[in-house]
Amino acid sequence: MVYINGGWRTTGTKMEVIDPATGEVIKNISTCGKKDVEEAIKYAKNSFEHWKKTPGPERGAYLAKTVDIMRSRAEDLANTITKENGKPLSDARAEVQSAINYLEWYAEEARRIYGDTLTPSHEGKHLMVIREPIGVSAAITPWNFPLSMITRKIAPALAAGCTVVLKPAAKTPLSAIQAFECLHEANLPSGVVNLVIGSATEIGNVMTSHQDVRKISFTGSTKVGKKLYEQSAHTVKRMSMELGGHAPFIVFDDADIDKAVQGTLLSKFKNSGQTCISTNRIYVQESIADDFSKKLAEKVSQLKVGHGLKEDTEVGPLIDKEAVDKVANQVEDAINHQGTILCGGKRHDFSDAQGYFYEPTVIGRANDKMEISTEETFGPVAPIFTFKTEEEIIDRANHEQYGLSSYCFTDSLERGMRMMQELEYGIVGINDPTPIVIQAPFGGVKESGMGKEGGMYGLDSYLNEKYVSVKFNKNGVT
Ligand code: ADP
């Protein structure tokens, strides 16, 4: 199923969608090719001509209508997310709410696109900066938040007056199809939003090389992000990229240990650790390390693993077999480098399911020789490193390559302020393991990406500044 110029199409080629909790095929859906993507871009370009002139409040009204429709289907959407992504139903419900929040925020923001007037340097001149939509935006979204990543891109794009061609992740196209059904029913003008599902490289190649695509918004791995950046250089497109991360989670000896343990559970094990802002390295000050490790391992070993559709499940499967293999290799490497398994440490065996599960795991005595200390984990594995001083940990917490999110637990305001300054990350949570809110700018520094999503910052990524100078007769009416 692809959605082009306001209509659904099926094609002859098919792909399978798998339930990661069972390994079974949920559905076969049809995919599109190069020609369909080119056509989608053509219609997005045509519709841009009238969409950019549609008044902001009217554009916002379409988003508000989509909010109502999505809200009425929230449970259905949550079920779809759980089936194709695996996350527990309660997390899928939270994701649907977050997807709605983006639409709702930008429904309102569409009426708040402002410009500037500048003080002229000469008499008889009027200087203005007006902000205009960039044009056709291509969006590429990942499988870890199959619904909210879609609205996080589409909502600000439409609010700004851009039109969109979106490619969802091949592993999770069903949430995308349902999101587009909501947009369709909100009666958006034809061609304003288009959905293309199929080969990532084929679609990506058209999107990045096409002259009429003026902006790429991508969320995914740093490796693919770099490729898209390179490919887009030839047509000098605006890029927004939310890429990989390697978040440190620092616990000082003056912190509330129980709160820090609870924070680690949220920041490491939600979505089975498959988020770019997940904690990757837990750094605990030496004097409290044993206490912290014991408490964390106890809590982690109690996490309920299972199929996401079971109401009591707290940790679901990983997305596929490769993901489980990667985690298993990292754990093996950690053991080979003198790490100790405090809980978990192997593939999760179920008698009744063949899905892609790995046991929630805590590794003690983690050290900087382990692969896990520098490479993104994307799985339910928590390595605990220790440190002695604040100076030492600032140096170790900053990563050469990544700079997305970071966390620090301390009861000292002074120390918290210093850490805020020193951590080279786009997001810093101080005593806050879940800092992400709709109004805040989400995005990283270094190879974690560029551009922000969320709040008023998210709108900037879809707007160009146009400078206008008006010269007039300073002597007045002649
Ligand atoms: P992950 O490792 O989390 O799956 P990826 O970066 O591989 O992250 O995928 C994120 C998104 O990028 C998905 O929609 C995927 O299909 C897409 N993608 C992967 N490779 C390419 C490519 N060469 N061109 C365009 N999109 C791609």
# chains A, B, ... in the order shown; residues from 1 in each chain; ligands from 1
>>> residues_around(residues="Thr208 of chain A", least_positions_apart="6", cutoff="9 Å", atoms="only C-alpha atoms", output="number ranges by chain")
A: 138, 215-216, 228-235, 237
>>> select_by_dssp(residues="segment 211-383 of chain A", states="strand (DSSP E)", output="ChimeraX atom specification")
/A:213-219,238-242,247-251,279-285,340-343,361-364,381-383
>>> closest_residue(among="A:Tyr425, A:Trp8, A:Phe145, A:Tyr402", to="ligand 1", atoms="only C-alpha atoms and all ligand atoms")
A:Phe145
>>> closest_atom_pairs(of="chain A", to="ligand 1", cutoff="10 Å", atoms="only C-alpha atoms and all ligand atoms", output="JSON lines")
{"residue": "A:Ala139", "atom": "CA", "partner": "ligand 1", "partner_atom_place_in_ligand_line": "14 (O)", "distance": 8.9}
{"residue": "A:Ile140", "atom": "CA", "partner": "ligand 1", "partner_atom_place_in_ligand_line": "14 (O)", "distance": 5.2}
{"residue": "A:Thr141", "atom": "CA", "partner": "ligand 1", "partner_atom_place_in_ligand_line": "14 (O)", "distance": 4.6}
{"residue": "A:Pro142", "atom": "CA", "partner": "ligand 1", "partner_atom_place_in_ligand_line": "10 (C)", "distance": 4.2}
{"residue": "A:Trp143", "atom": "CA", "partner": "ligand 1", "partner_atom_place_in_ligand_line": "4 (O)", "distance": 6.6}
{"residue": "A:Asn144", "atom": "CA", "partner": "ligand 1", "partner_atom_place_in_ligand_line": "3 (O)", "distance": 7.1}
{"residue": "A:Pro146", "atom": "CA", "partner": "ligand 1", "partner_atom_place_in_ligand_line": "14 (O)", "distance": 9.5}
{"residue": "A:Leu166", "atom": "CA", "partner": "ligand 1", "partner_atom_place_in_ligand_line": "14 (O)", "distance": 9.3}
{"residue": "A:Lys167", "atom": "CA", "partner": "ligand 1", "partner_atom_place_in_ligand_line": "14 (O)", "distance": 6.2}
{"residue": "A:Pro168", "atom": "CA", "partner": "ligand 1", "partner_atom_place_in_ligand_line": "14 (O)", "distance": 4.8}
{"residue": "A:Ala169", "atom": "CA", "partner": "ligand 1", "partner_atom_place_in_ligand_line": "14 (O)", "distance": 3.3}
{"residue": "A:Ala170", "atom": "CA", "partner": "ligand 1", "partner_atom_place_in_ligand_line": "16 (O)", "distance": 5.5}
{"residue": "A:Lys171", "atom": "CA", "partner": "ligand 1", "partner_atom_place_in_ligand_line": "16 (O)", "distance": 7.9}
{"residue": "A:Thr172", "atom": "CA", "partner": "ligand 1", "partner_atom_place_in_ligand_line": "14 (O)", "distance": 8.8}
{"residue": "A:Pro173", "atom": "CA", "partner": "ligand 1", "partner_atom_place_in_ligand_line": "14 (O)", "distance": 9.3}
{"residue": "A:Ile197", "atom": "CA", "partner": "ligand 1", "partner_atom_place_in_ligand_line": "16 (O)", "distance": 9.0}
{"residue": "A:Gly198", "atom": "CA", "partner": "ligand 1", "partner_atom_place_in_ligand_line": "16 (O)", "distance": 8.3}
{"residue": "A:Ser199", "atom": "CA", "partner": "ligand 1", "partner_atom_place_in_ligand_line": "16 (O)", "distance": 7.3}
{"residue": "A:Ala200", "atom": "CA", "partner": "ligand 1", "partner_atom_place_in_ligand_line": "27 (C)", "distance": 4.4}
{"residue": "A:Thr201", "atom": "CA", "partner": "ligand 1", "partner_atom_place_in_ligand_line": "23 (N)", "distance": 4.0}
{"residue": "A:Glu202", "atom": "CA", "partner": "ligand 1", "partner_atom_place_in_ligand_line": "24 (N)", "distance": 7.1}
{"residue": "A:Ile203", "atom": "CA", "partner": "ligand 1", "partner_atom_place_in_ligand_line": "25 (C)", "distance": 6.3}
{"residue": "A:Gly204", "atom": "CA", "partner": "ligand 1", "partner_atom_place_in_ligand_line": "25 (C)", "distance": 3.6}
{"residue": "A:Asn205", "atom": "CA", "partner": "ligand 1", "partner_atom_place_in_ligand_line": "24 (N)", "distance": 6.3}
{"residue": "A:Val206", "atom": "CA", "partner": "ligand 1", "partner_atom_place_in_ligand_line": "25 (C)", "distance": 9.0}
{"residue": "A:Met207", "atom": "CA", "partner": "ligand 1", "partner_atom_place_in_ligand_line": "25 (C)", "distance": 8.1}
{"residue": "A:Thr208", "atom": "CA", "partner": "ligand 1", "partner_atom_place_in_ligand_line": "25 (C)", "distance": 8.3}
{"residue": "A:Phe218", "atom": "CA", "partner": "ligand 1", "partner_atom_place_in_ligand_line": "12 (O)", "distance": 7.2}
{"residue": "A:Thr219", "atom": "CA", "partner": "ligand 1", "partner_atom_place_in_ligand_line": "10 (C)", "distance": 6.1}
{"residue": "A:Gly220", "atom": "CA", "partner": "ligand 1", "partner_atom_place_in_ligand_line": "6 (O)", "distance": 3.8}
{"residue": "A:Ser221", "atom": "CA", "partner": "ligand 1", "partner_atom_place_in_ligand_line": "6 (O)", "distance": 3.7}
{"residue": "A:Thr222", "atom": "CA", "partner": "ligand 1", "partner_atom_place_in_ligand_line": "6 (O)", "distance": 6.8}
{"residue": "A:Lys223", "atom": "CA", "partner": "ligand 1", "partner_atom_place_in_ligand_line": "6 (O)", "distance": 6.7}
{"residue": "A:Val224", "atom": "CA", "partner": "ligand 1", "partner_atom_place_in_ligand_line": "6 (O)", "distance": 4.7}
{"residue": "A:Gly225", "atom": "CA", "partner": "ligand 1", "partner_atom_place_in_ligand_line": "6 (O)", "distance": 6.6}
{"residue": "A:Lys226", "atom": "CA", "partner": "ligand 1", "partner_atom_place_in_ligand_line": "6 (O)", "distance": 9.6}
{"residue": "A:Lys227", "atom": "CA", "partner": "ligand 1", "partner_atom_place_in_ligand_line": "23 (N)", "distance": 6.8}
{"residue": "A:Leu228", "atom": "CA", "partner": "ligand 1", "partner_atom_place_in_ligand_line": "24 (N)", "distance": 6.4}
{"residue": "A:Gln231", "atom": "CA", "partner": "ligand 1", "partner_atom_place_in_ligand_line": "24 (N)", "distance": 9.2}
{"residue": "A:Glu242", "atom": "CA", "partner": "ligand 1", "partner_atom_place_in_ligand_line": "6 (O)", "distance": 9.9}
{"residue": "A:Leu243", "atom": "CA", "partner": "ligand 1", "partner_atom_place_in_ligand_line": "6 (O)", "distance": 7.9}
{"residue": "A:Gly244", "atom": "CA", "partner": "ligand 1", "partner_atom_place_in_ligand_line": "3 (O)", "distance": 8.4}
{"residue": "A:Gln274", "atom": "CA", "partner": "ligand 1", "partner_atom_place_in_ligand_line": "3 (O)", "distance": 8.3}
{"residue": "A:Thr275", "atom": "CA", "partner": "ligand 1", "partner_atom_place_in_ligand_line": "3 (O)", "distance": 8.6}
{"residue": "A:Cys276", "atom": "CA", "partner": "ligand 1", "partner_atom_place_in_ligand_line": "3 (O)", "distance": 8.7}
{"residue": "A:Ile319", "atom": "CA", "partner": "ligand 1", "partner_atom_place_in_ligand_line": "4 (O)", "distance": 9.0}
{"residue": "A:Asp320", "atom": "CA", "partner": "ligand 1", "partner_atom_place_in_ligand_line": "4 (O)", "distance": 10.0}
{"residue": "A:Ala323", "atom": "CA", "partner": "ligand 1", "partner_atom_place_in_ligand_line": "2 (O)", "distance": 9.0}
{"residue": "A:Phe378", "atom": "CA", "partner": "ligand 1", "partner_atom_place_in_ligand_line": "3 (O)", "distance": 8.6}
>>> write_last_selection(atoms="N, CA and C atoms", output="compact mmCIF listing (two decimals), in the first residue's frame")
# COMPACT_ATOMS: atom_id res chain seq x y z
N ALA A 139 10.72 12.62 4.29
CA ALA A 139 10.92 12.18 5.68
C ALA A 139 11.20 10.68 5.69
N ILE A 140 12.21 10.29 6.44
CA ILE A 140 12.54 8.86 6.58
C ILE A 140 12.53 8.54 8.07
N THR A 141 11.68 7.57 8.45
CA THR A 141 11.48 7.31 9.88
C THR A 141 11.91 5.90 10.28
N PRO A 142 12.23 5.71 11.55
CA PRO A 142 12.72 4.41 12.03
C PRO A 142 11.60 3.55 12.61
N TRP A 143 11.96 2.33 13.03
CA TRP A 143 10.97 1.38 13.53
C TRP A 143 10.78 1.47 15.05
N ASN A 144 11.66 2.19 15.78
CA ASN A 144 11.55 2.11 17.24
C ASN A 144 10.39 2.93 17.80
N PRO A 146 7.30 3.79 15.68
CA PRO A 146 6.75 3.76 14.32
C PRO A 146 5.64 4.75 14.04
N LEU A 166 6.80 10.62 2.68
CA LEU A 166 7.38 9.91 3.83
C LEU A 166 7.65 8.44 3.52
N LYS A 167 8.84 8.00 3.96
CA LYS A 167 9.16 6.57 3.89
C LYS A 167 9.32 6.03 5.31
N PRO A 168 8.44 5.11 5.73
CA PRO A 168 8.60 4.53 7.07
C PRO A 168 9.61 3.38 7.02
N ALA A 169 9.99 2.89 8.19
CA ALA A 169 10.90 1.73 8.23
C ALA A 169 10.16 0.50 7.69
N ALA A 170 10.89 -0.33 6.96
CA ALA A 170 10.28 -1.51 6.35
C ALA A 170 9.72 -2.47 7.40
N LYS A 171 10.30 -2.45 8.61
CA LYS A 171 9.83 -3.38 9.65
C LYS A 171 8.51 -2.95 10.28
N THR A 172 8.17 -1.68 10.17
CA THR A 172 6.96 -1.17 10.84
C THR A 172 6.11 -0.28 9.93
N PRO A 173 5.65 -0.81 8.80
CA PRO A 173 4.87 0.06 7.90
C PRO A 173 3.39 0.16 8.28
N ILE A 197 6.33 3.10 0.49
CA ILE A 197 6.86 1.97 1.26
C ILE A 197 7.60 1.07 0.29
N GLY A 198 8.83 0.69 0.66
CA GLY A 198 9.57 -0.19 -0.24
C GLY A 198 11.04 -0.22 0.09
N SER A 199 11.85 -0.54 -0.91
CA SER A 199 13.30 -0.66 -0.71
C SER A 199 13.90 0.66 -0.24
N ALA A 200 14.60 0.60 0.91
CA ALA A 200 15.16 1.83 1.50
C ALA A 200 16.14 2.50 0.56
N THR A 201 17.02 1.73 -0.06
CA THR A 201 18.04 2.36 -0.92
C THR A 201 17.40 2.96 -2.17
N GLU A 202 16.46 2.22 -2.75
CA GLU A 202 15.82 2.73 -3.98
C GLU A 202 15.07 4.04 -3.69
N ILE A 203 14.27 4.04 -2.63
CA ILE A 203 13.50 5.25 -2.30
C ILE A 203 14.45 6.36 -1.85
N GLY A 204 15.42 5.98 -1.02
CA GLY A 204 16.39 6.96 -0.51
C GLY A 204 17.17 7.62 -1.64
N ASN A 205 17.54 6.84 -2.64
CA ASN A 205 18.29 7.40 -3.76
C ASN A 205 17.49 8.46 -4.51
N VAL A 206 16.20 8.17 -4.71
CA VAL A 206 15.36 9.17 -5.43
C VAL A 206 15.20 10.42 -4.56
N MET A 207 14.90 10.20 -3.28
CA MET A 207 14.66 11.35 -2.40
C MET A 207 15.87 12.27 -2.31
N THR A 208 17.05 11.68 -2.18
CA THR A 208 18.24 12.51 -1.96
C THR A 208 18.77 13.15 -3.25
N PHE A 218 15.54 13.01 8.67
CA PHE A 218 15.85 11.59 8.86
C PHE A 218 16.03 11.28 10.34
N THR A 219 15.47 10.17 10.78
CA THR A 219 15.79 9.64 12.10
C THR A 219 16.24 8.20 11.91
N GLY A 220 17.43 7.87 12.39
CA GLY A 220 17.94 6.51 12.23
C GLY A 220 19.40 6.45 12.64
N SER A 221 20.11 5.50 12.09
CA SER A 221 21.49 5.29 12.51
C SER A 221 22.42 6.37 11.93
N THR A 222 23.54 6.58 12.61
CA THR A 222 24.53 7.54 12.14
C THR A 222 25.08 7.09 10.78
N LYS A 223 25.24 5.78 10.63
CA LYS A 223 25.79 5.25 9.37
C LYS A 223 24.91 5.64 8.17
N VAL A 224 23.61 5.40 8.28
CA VAL A 224 22.71 5.74 7.17
C VAL A 224 22.59 7.26 7.04
N GLY A 225 22.55 7.97 8.16
CA GLY A 225 22.47 9.43 8.13
C GLY A 225 23.61 10.04 7.34
N LYS A 226 24.82 9.52 7.53
CA LYS A 226 25.98 10.06 6.81
C LYS A 226 25.83 9.83 5.30
N LYS A 227 25.31 8.64 4.98
CA LYS A 227 25.12 8.30 3.58
C LYS A 227 24.12 9.27 2.93
N LEU A 228 23.01 9.52 3.63
CA LEU A 228 21.99 10.42 3.08
C LEU A 228 22.53 11.85 2.95
N GLN A 231 24.72 11.88 -0.09
CA GLN A 231 23.92 11.80 -1.32
C GLN A 231 23.18 13.12 -1.59
N GLU A 242 18.35 13.10 13.19
CA GLU A 242 18.42 12.59 14.57
C GLU A 242 19.08 11.23 14.46
N LEU A 243 20.33 11.14 14.87
CA LEU A 243 21.09 9.91 14.63
C LEU A 243 21.37 9.16 15.94
N GLY A 244 22.42 8.38 15.94
CA GLY A 244 22.70 7.52 17.08
C GLY A 244 23.14 8.29 18.33
N GLN A 274 15.86 0.16 23.08
CA GLN A 274 15.99 0.49 21.66
C GLN A 274 15.56 1.92 21.36
N THR A 275 16.12 2.88 22.07
CA THR A 275 15.88 4.27 21.70
C THR A 275 17.23 4.97 21.65
N CYS A 276 17.29 6.02 20.83
CA CYS A 276 18.59 6.68 20.67
C CYS A 276 18.98 7.46 21.91
N ILE A 319 13.83 -6.02 17.97
CA ILE A 319 13.12 -5.90 16.70
C ILE A 319 13.35 -7.11 15.78
N ASP A 320 14.55 -7.69 15.80
CA ASP A 320 14.80 -8.84 14.92
C ASP A 320 15.99 -9.67 15.44
N ALA A 323 19.37 -7.92 15.85
CA ALA A 323 19.45 -7.08 17.05
C ALA A 323 19.83 -7.93 18.26
N PHE A 378 21.57 -0.54 21.92
CA PHE A 378 20.23 -0.78 21.38
C PHE A 378 19.66 -2.11 21.86
>>> residues_around(residues="Gly444 of chain A", least_positions_apart="5", cutoff="10 Å", atoms="only C-alpha atoms", output="PyMOL selection string")
chain A and resi 241-245+277+402-405+424-427+449-452
>>> write_last_selection(atoms="N, CA and C atoms", output="PDB file, in the first residue's frame")
ATOM      1  N   MET A 241      18.737  15.760  11.061  1.00  0.00           N
ATOM      2  CA  MET A 241      19.078  14.367  11.307  1.00  0.00           C
ATOM      3  C   MET A 241      19.158  14.071  12.800  1.00  0.00           C
ATOM      4  N   GLU A 242      18.349  13.099  13.191  1.00  0.00           N
ATOM      5  CA  GLU A 242      18.416  12.587  14.570  1.00  0.00           C
ATOM      6  C   GLU A 242      19.077  11.232  14.456  1.00  0.00           C
ATOM      7  N   LEU A 243      20.328  11.139  14.873  1.00  0.00           N
ATOM      8  CA  LEU A 243      21.092   9.909  14.630  1.00  0.00           C
ATOM      9  C   LEU A 243      21.372   9.158  15.937  1.00  0.00           C
ATOM     10  N   GLY A 244      22.421   8.381  15.935  1.00  0.00           N
ATOM     11  CA  GLY A 244      22.705   7.518  17.082  1.00  0.00           C
ATOM     12  C   GLY A 244      23.138   8.292  18.327  1.00  0.00           C
ATOM     13  N   GLY A 245      23.155   7.592  19.430  1.00  0.00           N
ATOM     14  CA  GLY A 245      23.612   8.200  20.679  1.00  0.00           C
ATOM     15  C   GLY A 245      24.367   7.181  21.516  1.00  0.00           C
ATOM     16  N   ILE A 277      18.003   7.733  22.817  1.00  0.00           N
ATOM     17  CA  ILE A 277      18.364   8.438  24.045  1.00  0.00           C
ATOM     18  C   ILE A 277      18.518   7.482  25.233  1.00  0.00           C
ATOM     19  N   TYR A 402      29.487  10.661  19.634  1.00  0.00           N
ATOM     20  CA  TYR A 402      28.074  10.938  19.878  1.00  0.00           C
ATOM     21  C   TYR A 402      27.827  12.071  20.878  1.00  0.00           C
ATOM     22  N   GLY A 403      26.668  12.727  20.736  1.00  0.00           N
ATOM     23  CA  GLY A 403      26.307  13.798  21.676  1.00  0.00           C
ATOM     24  C   GLY A 403      24.808  14.042  21.687  1.00  0.00           C
ATOM     25  N   LEU A 404      24.032  12.981  21.933  1.00  0.00           N
ATOM     26  CA  LEU A 404      22.579  13.175  21.930  1.00  0.00           C
ATOM     27  C   LEU A 404      22.049  13.470  23.341  1.00  0.00           C
ATOM     28  N   SER A 405      22.001  12.444  24.204  1.00  0.00           N
ATOM     29  CA  SER A 405      21.444  12.704  25.534  1.00  0.00           C
ATOM     30  C   SER A 405      22.403  12.244  26.628  1.00  0.00           C
ATOM     31  N   GLU A 424      28.780  17.489  26.833  1.00  0.00           N
ATOM     32  CA  GLU A 424      28.686  17.905  25.425  1.00  0.00           C
ATOM     33  C   GLU A 424      27.589  17.106  24.730  1.00  0.00           C
ATOM     34  N   TYR A 425      26.352  17.412  25.114  1.00  0.00           N
ATOM     35  CA  TYR A 425      25.192  16.679  24.590  1.00  0.00           C
ATOM     36  C   TYR A 425      24.066  17.662  24.279  1.00  0.00           C
ATOM     37  N   GLY A 426      23.195  17.283  23.339  1.00  0.00           N
ATOM     38  CA  GLY A 426      22.054  18.126  22.997  1.00  0.00           C
ATOM     39  C   GLY A 426      20.984  18.121  24.080  1.00  0.00           C
ATOM     40  N   ILE A 427      20.954  17.040  24.879  1.00  0.00           N
ATOM     41  CA  ILE A 427      19.943  16.913  25.941  1.00  0.00           C
ATOM     42  C   ILE A 427      20.640  16.507  27.240  1.00  0.00           C
ATOM     43  N   GLY A 449      23.782  14.218  15.107  1.00  0.00           N
ATOM     44  CA  GLY A 449      22.839  14.857  14.197  1.00  0.00           C
ATOM     45  C   GLY A 449      22.848  16.359  14.173  1.00  0.00           C
ATOM     46  N   MET A 450      21.862  16.906  13.464  1.00  0.00           N
ATOM     47  CA  MET A 450      21.729  18.361  13.308  1.00  0.00           C
ATOM     48  C   MET A 450      20.252  18.708  13.158  1.00  0.00           C
ATOM     49  N   GLY A 451      19.907  19.917  13.600  1.00  0.00           N
ATOM     50  CA  GLY A 451      18.505  20.339  13.532  1.00  0.00           C
ATOM     51  C   GLY A 451      17.762  19.814  14.748  1.00  0.00           C
ATOM     52  N   LYS A 452      16.661  20.461  15.060  1.00  0.00           N
ATOM     53  CA  LYS A 452      15.891  20.068  16.242  1.00  0.00           C
ATOM     54  C   LYS A 452      14.468  19.728  15.850  1.00  0.00           C
TER      55      LYS A 452
END
>>> residues_around(residues="Thr264 of chain A", least_positions_apart="3", cutoff="9 Å", atoms="only C-alpha atoms", output="PDB file with C-alpha atoms, in the first residue's frame")
ATOM      1  CA  PHE A 249      24.124   8.080  33.128  1.00  0.00           C
ATOM      2  CA  LYS A 259      15.816   7.488  42.614  1.00  0.00           C
ATOM      3  CA  ALA A 260      18.889   6.858  40.476  1.00  0.00           C
ATOM      4  CA  VAL A 261      18.098   3.125  40.296  1.00  0.00           C
ATOM      5  CA  SER A 267      16.118   5.219  30.821  1.00  0.00           C
ATOM      6  CA  LYS A 268      17.656   1.841  29.985  1.00  0.00           C
ATOM      7  CA  PHE A 269      14.860  -0.705  29.716  1.00  0.00           C
ATOM      8  CA  THR A 279      21.350   5.013  28.666  1.00  0.00           C
ATOM      9  CA  ILE A 282      26.123   3.888  33.762  1.00  0.00           C
ATOM     10  CA  LEU A 296      19.674  -2.239  40.193  1.00  0.00           C
ATOM     11  CA  ALA A 382      23.102  -2.041  31.495  1.00  0.00           C
ATOM     12  CA  PRO A 433      15.763  10.221  33.425  1.00  0.00           C
TER      13      PRO A 433
END
>>> residues_around(residues="Ser412 of chain A", least_positions_apart="2", cutoff="12 Å", atoms="only C-alpha atoms", output="short mmCIF file (atom, residue, chain, number, x, y, z; two decimals) with N, CA, C and O atoms, in the first residue's frame")
data_model
loop_
_atom_site.label_atom_id
_atom_site.label_comp_id
_atom_site.auth_asym_id
_atom_site.auth_seq_id
_atom_site.Cartn_x
_atom_site.Cartn_y
_atom_site.Cartn_z
N VAL A 251 26.01 8.77 38.26
CA VAL A 251 25.42 8.81 39.60
C VAL A 251 26.52 9.19 40.60
O VAL A 251 27.46 8.41 40.83
N PHE A 252 26.41 10.39 41.18
CA PHE A 252 27.39 10.84 42.17
C PHE A 252 27.02 10.30 43.55
O PHE A 252 25.86 9.94 43.79
N ASP A 253 28.02 10.29 44.45
CA ASP A 253 27.76 9.68 45.77
C ASP A 253 26.82 10.52 46.64
O ASP A 253 26.37 10.07 47.69
N ASP A 254 26.52 11.76 46.20
CA ASP A 254 25.58 12.56 46.97
C ASP A 254 24.14 12.41 46.45
O ASP A 254 23.23 13.11 46.90
N ALA A 255 23.95 11.52 45.47
CA ALA A 255 22.60 11.37 44.88
C ALA A 255 21.73 10.45 45.72
O ALA A 255 22.23 9.66 46.52
N ASP A 256 20.44 10.54 45.50
CA ASP A 256 19.49 9.61 46.10
C ASP A 256 19.58 8.30 45.29
O ASP A 256 19.14 8.25 44.13
N CYS A 408 22.46 12.89 34.70
CA CYS A 408 23.35 13.05 35.85
C CYS A 408 22.50 13.12 37.12
O CYS A 408 21.52 13.87 37.18
N PHE A 409 22.83 12.29 38.10
CA PHE A 409 22.11 12.30 39.37
C PHE A 409 23.02 12.82 40.47
O PHE A 409 24.10 12.28 40.73
N THR A 410 22.60 13.91 41.11
CA THR A 410 23.35 14.50 42.22
C THR A 410 22.39 15.33 43.07
O THR A 410 21.41 15.87 42.53
N GLU A 414 25.29 22.92 42.86
CA GLU A 414 26.53 23.41 42.25
C GLU A 414 27.08 22.39 41.24
O GLU A 414 27.46 22.72 40.13
N ARG A 415 27.10 21.16 41.68
CA ARG A 415 27.63 20.09 40.83
C ARG A 415 26.74 19.91 39.59
O ARG A 415 27.21 19.77 38.48
N GLY A 416 25.43 19.98 39.82
CA GLY A 416 24.47 19.86 38.71
C GLY A 416 24.71 20.95 37.68
O GLY A 416 24.70 20.68 36.47
N MET A 417 24.96 22.17 38.14
CA MET A 417 25.20 23.28 37.22
C MET A 417 26.50 23.07 36.45
O MET A 417 26.58 23.34 35.25
N ARG A 418 27.51 22.58 37.16
CA ARG A 418 28.79 22.33 36.46
C ARG A 418 28.61 21.26 35.39
O ARG A 418 29.10 21.37 34.28
N MET A 419 27.88 20.20 35.74
CA MET A 419 27.68 19.11 34.77
C MET A 419 26.88 19.61 33.57
O MET A 419 27.15 19.24 32.43
N ILE A 430 19.07 16.36 34.46
CA ILE A 430 19.69 16.38 35.78
C ILE A 430 18.65 15.89 36.79
O ILE A 430 17.59 16.50 36.95
N ASN A 431 18.94 14.76 37.41
CA ASN A 431 17.98 14.05 38.26
C ASN A 431 16.70 13.75 37.50
O ASN A 431 15.65 13.55 38.12
#
>>> residues_around(residues="Val327 of chain A", least_positions_apart="5", cutoff="9 Å", atoms="only C-alpha atoms", output="number ranges by chain")
A: 322, 332, 358, 377-381
>>> write_last_selection(atoms="N, CA, C and O atoms", output="tab-separated table (two decimals), in the first residue's frame")
chain	number	residue	atom	x	y	z
A	322	GLU	N	18.99	-10.08	14.19
A	322	GLU	CA	20.28	-9.37	14.14
A	322	GLU	C	20.47	-8.53	15.40
A	322	GLU	O	21.58	-8.42	15.93
A	332	GLU	N	29.01	-10.97	25.39
A	332	GLU	CA	30.13	-11.92	25.37
A	332	GLU	C	31.47	-11.18	25.44
A	332	GLU	O	32.38	-11.55	26.18
A	358	TYR	N	15.83	-10.98	24.55
A	358	TYR	CA	17.08	-11.08	25.29
A	358	TYR	C	16.78	-10.67	26.74
A	358	TYR	O	16.04	-9.70	26.97
A	377	THR	N	24.37	0.26	22.07
A	377	THR	CA	23.90	-1.09	22.40
A	377	THR	C	22.55	-1.43	21.77
A	377	THR	O	22.36	-2.46	21.16
A	378	PHE	N	21.57	-0.54	21.92
A	378	PHE	CA	20.23	-0.78	21.38
A	378	PHE	C	19.66	-2.11	21.86
A	378	PHE	O	19.16	-2.92	21.08
A	379	GLY	N	19.75	-2.32	23.15
A	379	GLY	CA	19.22	-3.55	23.74
A	379	GLY	C	19.17	-3.39	25.25
A	379	GLY	O	19.68	-2.42	25.82
A	380	PRO	N	18.56	-4.38	25.95
A	380	PRO	CA	18.32	-4.25	27.39
A	380	PRO	C	19.53	-4.65	28.24
A	380	PRO	O	19.43	-5.54	29.09
A	381	VAL	N	20.65	-4.00	28.01
A	381	VAL	CA	21.88	-4.35	28.74
A	381	VAL	C	22.45	-3.11	29.40
A	381	VAL	O	22.71	-2.10	28.73
>>> closest_residue(among="A:Gly115, A:Gly161, A:Pro156, A:Gly7", to="Glu49 of chain A", atoms="only C-alpha atoms")
A:Gly161
>>> residues_around(residues="Ser373 of chain A", least_positions_apart="6", cutoff="8 Å", atoms="only C-alpha atoms", output="MDAnalysis selection string")
chainID A and resid 280:281 366:367
>>> atom_distance(atom1="atom CA of Asp91 of chain A", atom2="atom CA of Ala78 of chain A")
8.4 Å
>>> closest_atom_pairs(of="segment 97-156 of chain A", to="segment 26-48 of chain A", cutoff="12 Å", atoms="only C-alpha atoms", output="CSV")
residue,atom,partner,partner_atom,distance
A:Glu132,CA,A:Phe48,CA,11.8
A:Pro133,CA,A:Phe48,CA,9.2
A:Ile134,CA,A:Phe48,CA,9.7
A:Gly135,CA,A:Phe48,CA,6.6
A:Val136,CA,A:Lys45,CA,6.0
A:Ser137,CA,A:Ala44,CA,8.6
A:Ala138,CA,A:Ile41,CA,8.6
A:Ala139,CA,A:Ile41,CA,11.7
>>> select_by_dssp(residues="segment 316-438 of chain A", states="alpha helix (DSSP H)", output="ChimeraX atom specification")
/A:321-336,390-397,413-422
